[in-house]
>>> print(open('input_25.cif').read())   # mmCIF, C-alpha atoms
data_target
loop_
_atom_site.label_atom_id
_atom_site.label_comp_id
_atom_site.auth_asym_id
_atom_site.auth_seq_id
_atom_site.Cartn_x
_atom_site.Cartn_y
_atom_site.Cartn_z
CA MET A 842 0.00 0.00 0.00
CA LYS A 843 2.92 2.31 0.74
CA ILE A 844 4.21 1.73 -2.79
CA TYR A 845 0.80 2.67 -4.16
CA TYR A 846 0.75 5.99 -2.29
CA THR A 847 4.37 6.69 -3.21
CA LEU A 848 3.60 6.01 -6.88
CA LEU A 849 0.45 8.18 -6.72
CA ALA A 850 2.40 11.02 -5.14
CA PHE A 851 5.08 10.72 -7.81
CA ILE A 852 2.45 10.83 -10.61
CA LEU A 853 0.73 13.87 -9.08
CA LEU A 854 4.07 15.59 -8.72
CA ALA A 855 4.92 14.84 -12.35
CA ILE A 856 1.53 16.13 -13.53
CA GLY A 857 1.98 19.28 -11.49
CA SER A 858 5.40 19.97 -12.98
CA VAL A 859 4.13 19.42 -16.52
CA SER A 860 1.19 21.77 -16.01
CA ALA A 861 3.52 24.39 -14.56
CA GLN A 862 5.55 24.41 -17.76
CA GLN A 863 4.84 26.80 -20.58
CA PRO A 864 1.58 25.90 -22.37
CA MET A 865 1.83 24.30 -25.78
CA LYS A 866 1.38 26.86 -28.55
CA PHE A 867 0.05 25.98 -31.96
CA GLY A 868 -0.14 28.37 -34.87
CA HIS A 869 -1.25 28.42 -38.46
CA ILE A 870 -0.13 30.26 -41.55
CA ASN A 871 -1.10 30.80 -45.16
CA SER A 872 2.37 30.80 -46.68
CA ALA A 873 1.06 31.21 -50.26
CA GLU A 874 -0.49 34.53 -49.26
CA ILE A 875 2.77 35.70 -47.71
CA LEU A 876 4.78 34.46 -50.69
CA GLN A 877 2.56 36.53 -53.00
CA ALA A 878 3.20 39.60 -50.84
CA MET A 879 6.99 39.25 -51.00
CA PRO A 880 8.49 41.89 -53.33
CA GLU A 881 11.10 39.42 -54.60
CA LEU A 882 8.32 37.39 -56.21
CA LYS A 883 7.34 40.32 -58.43
CA ALA A 884 10.83 40.33 -59.98
CA VAL A 885 10.61 36.58 -60.55
CA GLU A 886 7.22 36.94 -62.22
CA THR A 887 8.56 39.69 -64.50
CA GLU A 888 11.52 37.56 -65.53
CA LEU A 889 9.29 34.54 -66.14
CA GLU A 890 6.90 36.60 -68.26
CA ALA A 891 9.81 37.76 -70.42
CA GLU A 892 11.01 34.17 -70.82
CA PHE A 893 7.48 33.02 -71.63
CA ASP A 894 7.05 35.79 -74.22
CA LYS A 895 10.28 34.74 -75.98
CA LYS A 896 9.22 31.10 -76.07
CA GLU A 897 5.73 32.02 -77.22
CA ALA A 898 7.07 34.19 -80.06
CA GLN A 899 9.30 31.34 -81.24
CA LEU A 900 6.41 28.88 -81.02
CA LEU A 901 4.10 31.19 -82.99
CA ALA A 902 6.77 31.54 -85.69
CA MET A 903 7.11 27.76 -85.89
CA GLN A 904 3.33 27.32 -86.06
CA GLU A 905 3.11 29.94 -88.81
CA GLU A 906 5.81 28.12 -90.79
CA LEU A 907 3.92 24.85 -90.38
CA LYS A 908 0.65 26.46 -91.46
CA ASN A 909 2.26 28.00 -94.56
CA LYS A 910 3.83 24.70 -95.57
CA GLN A 911 0.52 22.90 -95.04
CA GLN A 912 -1.29 25.42 -97.24
CA ALA A 913 1.40 25.17 -99.91
CA TYR A 914 1.16 21.40 -99.83
CA GLN A 915 -2.64 21.47 -100.16
CA ALA A 916 -2.40 23.86 -103.08
CA GLU A 917 0.05 21.71 -105.03
CA ALA A 918 -0.83 18.21 -103.80
CA GLN A 919 -2.75 17.32 -106.97
CA THR A 920 0.22 18.13 -109.19
CA LEU A 921 2.81 16.19 -107.18
CA SER A 922 3.88 12.65 -107.84
CA ALA A 923 3.21 10.01 -105.20
CA GLU A 924 6.86 10.14 -104.09
CA GLU A 925 6.82 13.94 -103.82
CA ARG A 926 3.54 13.84 -101.84
CA THR A 927 5.00 11.27 -99.45
CA ALA A 928 8.13 13.39 -98.98
CA LYS A 929 6.07 16.55 -98.34
CA GLU A 930 3.76 14.71 -95.92
CA THR A 931 6.75 13.33 -94.05
CA GLU A 932 8.24 16.82 -93.88
CA LEU A 933 4.95 18.21 -92.53
CA MET A 934 4.69 15.46 -89.90
CA GLU A 935 8.27 16.07 -88.80
CA LEU A 936 7.69 19.81 -88.59
CA ASN A 937 4.48 19.25 -86.62
CA GLN A 938 6.39 16.96 -84.24
CA LYS A 939 9.10 19.60 -83.92
CA VAL A 940 6.48 22.21 -82.95
CA GLN A 941 4.97 19.86 -80.35
CA ASN A 942 8.38 19.00 -78.93
CA TYR A 943 9.31 22.68 -78.72
CA TYR A 944 6.07 23.42 -76.86
CA MET A 945 6.66 20.63 -74.32
CA LEU A 946 10.32 21.52 -73.86
CA SER A 947 9.43 25.20 -73.41
CA GLN A 948 6.92 24.33 -70.69
CA GLN A 949 9.53 22.24 -68.89
CA GLN A 950 12.17 24.96 -69.21
CA ILE A 951 9.84 27.64 -67.87
CA GLN A 952 8.84 25.40 -64.95
CA ALA A 953 12.50 24.69 -64.17
CA LYS A 954 13.33 28.41 -64.37
CA GLN A 955 10.41 29.21 -62.06
CA ASN A 956 11.60 26.63 -59.52
CA GLU A 957 15.16 27.95 -59.76
CA LEU A 958 14.13 31.58 -59.26
CA GLN A 959 11.60 30.91 -56.51
CA ALA A 960 13.81 28.56 -54.46
CA PRO A 961 15.69 31.34 -52.60
CA ILE A 962 12.43 33.18 -51.91
CA VAL A 963 10.76 30.05 -50.55
CA GLN A 964 13.85 29.36 -48.45
CA LYS A 965 13.71 32.91 -47.05
CA LEU A 966 10.04 32.40 -46.15
CA LYS A 967 10.79 29.05 -44.48
CA ALA A 968 13.60 30.64 -42.49
CA ALA A 969 11.30 33.44 -41.32
CA ILE A 970 8.64 30.92 -40.27
CA GLN A 971 11.30 28.95 -38.39
CA GLU A 972 12.53 32.10 -36.63
CA VAL A 973 8.99 33.12 -35.63
CA GLY A 974 8.30 29.60 -34.38
CA ASP A 975 11.48 29.59 -32.30
CA GLU A 976 11.10 33.15 -30.98
CA GLU A 977 7.41 32.79 -30.09
CA GLY A 978 7.73 29.29 -28.66
CA PHE A 979 5.30 27.50 -31.00
CA LEU A 980 5.19 23.75 -30.83
CA TYR A 981 3.71 23.48 -34.32
CA ILE A 982 2.72 25.88 -37.09
CA PHE A 983 0.26 24.41 -39.55
CA GLU A 984 -0.02 25.34 -43.23
CA MET A 985 -3.63 26.33 -43.78
CA THR A 986 -3.71 26.05 -47.59
CA SER A 987 -2.85 22.36 -47.69
CA ARG A 988 -5.71 19.93 -48.05
CA VAL A 989 -4.49 17.93 -45.08
CA PRO A 990 -7.24 17.87 -42.43
CA VAL A 991 -6.02 20.07 -39.62
CA PHE A 992 -7.90 21.13 -36.54
CA ALA A 993 -7.59 24.85 -35.95
CA SER A 994 -9.30 26.04 -32.83
CA ASP A 995 -9.98 29.67 -32.11
CA LYS A 996 -6.93 29.46 -29.84
CA SER A 997 -4.70 28.80 -32.85
CA ILE A 998 -2.70 31.89 -33.68
CA ASP A 999 -2.18 33.10 -37.25
CA VAL A 1000 1.55 33.66 -37.38
CA GLY A 1001 1.34 35.24 -40.84
CA PRO A 1002 1.58 38.81 -39.49
CA LEU A 1003 4.63 37.86 -37.40
CA VAL A 1004 6.34 36.29 -40.42
CA LYS A 1005 5.44 39.29 -42.58
CA ALA A 1006 6.95 41.56 -39.95
CA LYS A 1007 10.08 39.39 -39.89
CA LEU A 1008 10.33 39.75 -43.68
CA GLY A 1009 9.54 43.48 -43.59
CA ILE A 1010 6.28 43.08 -45.54
CA GLN A 1011 3.16 45.11 -44.86
#
>>> encode(input="input_25.cif", output="structure tokens")
Amino acid sequence: MKIYYTLLAFILLAIGSVSAQQPMKFGHINSAEILQAMPELKAVETELEAEFDKKEAQLLAMQEELKNKQQAYQAEAQTLSAEERTAKETELMELNQKVQNYYMLSQQQIQAKQNELQAPIVQKLKAAIQEVGDEEGFLYIFEMTSRVPVFASDKSIDVGPLVKAKLGIQ
């Protein structure tokens, strides 16, 4: 029986010391909103638009060339020999494939460029979130835009303003 009371006293003492510690703090953030407010992102968007415009102009020129060759082929198809028609059709298919490949490659290049340019900005945002979490003593900060089910009580604190302040954003 003495062991039981000793154990009970130990448990109560442990519970008392845990409750005397700092309360657990949970926060939430919409990092996409903060990312959009970062001035560095505007420069990235401008650079990506310029890159996109160059790729689009090249693609339009290639499509125009393909269209012109298709029209020329249709106009003269009746006068061509079977061998000449086959050669022209092969040329048109190859040019069409070239246009499609250029389009897909351009999309991949623009995506890679976007990832490359945004990486330092995202890292800066992550660092600011980490600093706010450490400075304010948060146990967890949840991303609110993810589709992961997260419970956010009215006691959850939006740390977005703190992160914005850390980044010098209004």
>>> closest_residue(input="input_25.cif", among="A:Ala953, A:Ala873, A:Leu1003, A:Ile962", to="Asp975 in chain A", atoms="only C-alpha atoms")
A:Leu1003
>>> resolve_selection(input="input_25.cif", expression="the PyMOL selection byres ((chain A and resi 907) around 12)", output="list in words")
Leu900, Leu901, Ala902, Met903, Gln904, Glu905, Glu906, Lys908, Asn909, Lys910, Gln911, Gln912, Ala913, Tyr914, Lys929, Glu930, Glu932, Leu933, Met934, Glu935, Leu936, Asn937, Gln938, Lys939, Val940 and Gln941 of chain A
>>> closest_residue(input="input_25.cif", among="A:Gln955, A:Ser997, A:Gln915, A:Thr927", to="Ala891 in chain A", atoms="all atoms listed in the file")
A:Gln955
>>> atom_distance(input="input_25.cif", atom1="CA of Gln952 in chain A", atom2="CA of Lys965 in chain A")
20.0 Å
>>> closest_residue(input="input_25.cif", among="A:Met865, A:Met945, A:Leu889, A:Ile870", to="Ser987 in chain A", atoms="only C-alpha atoms")
A:Ile870
>>> resolve_selection(input="input_25.cif", expression="the PyMOL selection byres ((chain A and resi 868) around 10)", output="list of chain:residue names")
A:Lys866, A:Phe867, A:His869, A:Ile870, A:Gly974, A:Glu977, A:Phe979, A:Leu980, A:Tyr981, A:Ile982, A:Phe983, A:Glu984, A:Met985, A:Ala993, A:Ser994, A:Lys996, A:Ser997, A:Ile998, A:Asp999, A:Val1000, A:Gly1001
>>> write_last_selection(input="input_25.cif", atoms="C-alpha atoms", output="compact mmCIF listing (two decimals), in the coordinates of the input")
# COMPACT_ATOMS: atom_id res chain seq x y z
CA LYS A 866 1.38 26.86 -28.55
CA PHE A 867 0.05 25.98 -31.96
CA HIS A 869 -1.25 28.42 -38.46
CA ILE A 870 -0.13 30.26 -41.55
CA GLY A 974 8.30 29.60 -34.38
CA GLU A 977 7.41 32.79 -30.09
CA PHE A 979 5.30 27.50 -31.00
CA LEU A 980 5.19 23.75 -30.83
CA TYR A 981 3.71 23.48 -34.32
CA ILE A 982 2.72 25.88 -37.09
CA PHE A 983 0.26 24.41 -39.55
CA GLU A 984 -0.02 25.34 -43.23
CA MET A 985 -3.63 26.33 -43.78
CA ALA A 993 -7.59 24.85 -35.95
CA SER A 994 -9.30 26.04 -32.83
CA LYS A 996 -6.93 29.46 -29.84
CA SER A 997 -4.70 28.80 -32.85
CA ILE A 998 -2.70 31.89 -33.68
CA ASP A 999 -2.18 33.10 -37.25
CA VAL A 1000 1.55 33.66 -37.38
CA GLY A 1001 1.34 35.24 -40.84
>>> atom_distance(input="input_25.cif", atom1="CA of Ala969 in chain A", atom2="CA of Ile1010 in chain A")
11.7 Å
>>> residues_around(input="input_25.cif", residues="Met879 in chain A", least_positions_apart="2", cutoff="12 Å", atoms="all atoms listed in the file", output="list in words")
Ser872, Ala873, Glu874, Ile875, Leu876, Gln877, Glu881, Leu882, Lys883, Ala884, Val885, Glu886, Gln959, Pro961, Ile962, Val963, Lys965, Leu966, Val1004, Lys1005, Ala1006, Lys1007, Leu1008, Gly1009, Ile1010 and Gln1011 of chain A
>>> atom_distance(input="input_25.cif", atom1="CA of Thr887 in chain A", atom2="CA of Leu958 in chain A")
11.1 Å
>>> build_atoms(input="input_25.cif", residues="range 951-969 of chain A", atoms="N, CA and C atoms", output="compact mmCIF listing (two decimals), in the frame of the given file")
# COMPACT_ATOMS: atom_id res chain seq x y z
N ILE A 951 10.43 26.55 -68.66
CA ILE A 951 9.84 27.64 -67.87
C ILE A 951 9.57 27.17 -66.45
N GLN A 952 9.08 25.94 -66.29
CA GLN A 952 8.84 25.40 -64.95
C GLN A 952 10.15 25.29 -64.17
N ALA A 953 11.19 24.80 -64.82
CA ALA A 953 12.50 24.69 -64.17
C ALA A 953 13.03 26.06 -63.77
N LYS A 954 12.87 27.04 -64.66
CA LYS A 954 13.33 28.41 -64.37
C LYS A 954 12.54 28.99 -63.19
N GLN A 955 11.24 28.73 -63.16
CA GLN A 955 10.41 29.21 -62.06
C GLN A 955 10.89 28.59 -60.74
N ASN A 956 11.12 27.29 -60.74
CA ASN A 956 11.60 26.63 -59.52
C ASN A 956 12.95 27.20 -59.09
N GLU A 957 13.84 27.41 -60.05
CA GLU A 957 15.16 27.95 -59.76
C GLU A 957 15.07 29.35 -59.15
N LEU A 958 14.24 30.20 -59.73
CA LEU A 958 14.13 31.58 -59.26
C LEU A 958 13.37 31.70 -57.94
N GLN A 959 12.40 30.82 -57.73
CA GLN A 959 11.60 30.91 -56.51
C GLN A 959 12.26 30.22 -55.31
N ALA A 960 13.20 29.32 -55.56
CA ALA A 960 13.81 28.56 -54.46
C ALA A 960 14.39 29.46 -53.36
N PRO A 961 15.16 30.50 -53.68
CA PRO A 961 15.69 31.34 -52.60
C PRO A 961 14.59 32.10 -51.85
N ILE A 962 13.53 32.45 -52.55
CA ILE A 962 12.43 33.18 -51.91
C ILE A 962 11.69 32.26 -50.95
N VAL A 963 11.43 31.04 -51.40
CA VAL A 963 10.76 30.05 -50.55
C VAL A 963 11.64 29.73 -49.34
N GLN A 964 12.94 29.62 -49.56
CA GLN A 964 13.85 29.36 -48.45
C GLN A 964 13.84 30.50 -47.44
N LYS A 965 13.78 31.74 -47.94
CA LYS A 965 13.71 32.91 -47.05
C LYS A 965 12.43 32.87 -46.22
N LEU A 966 11.31 32.50 -46.86
CA LEU A 966 10.04 32.40 -46.15
C LEU A 966 10.11 31.30 -45.09
N LYS A 967 10.66 30.15 -45.45
CA LYS A 967 10.79 29.05 -44.48
C LYS A 967 11.64 29.47 -43.29
N ALA A 968 12.72 30.19 -43.57
CA ALA A 968 13.60 30.64 -42.49
C ALA A 968 12.87 31.61 -41.56
N ALA A 969 12.06 32.49 -42.14
CA ALA A 969 11.30 33.44 -41.32
C ALA A 969 10.27 32.71 -40.46
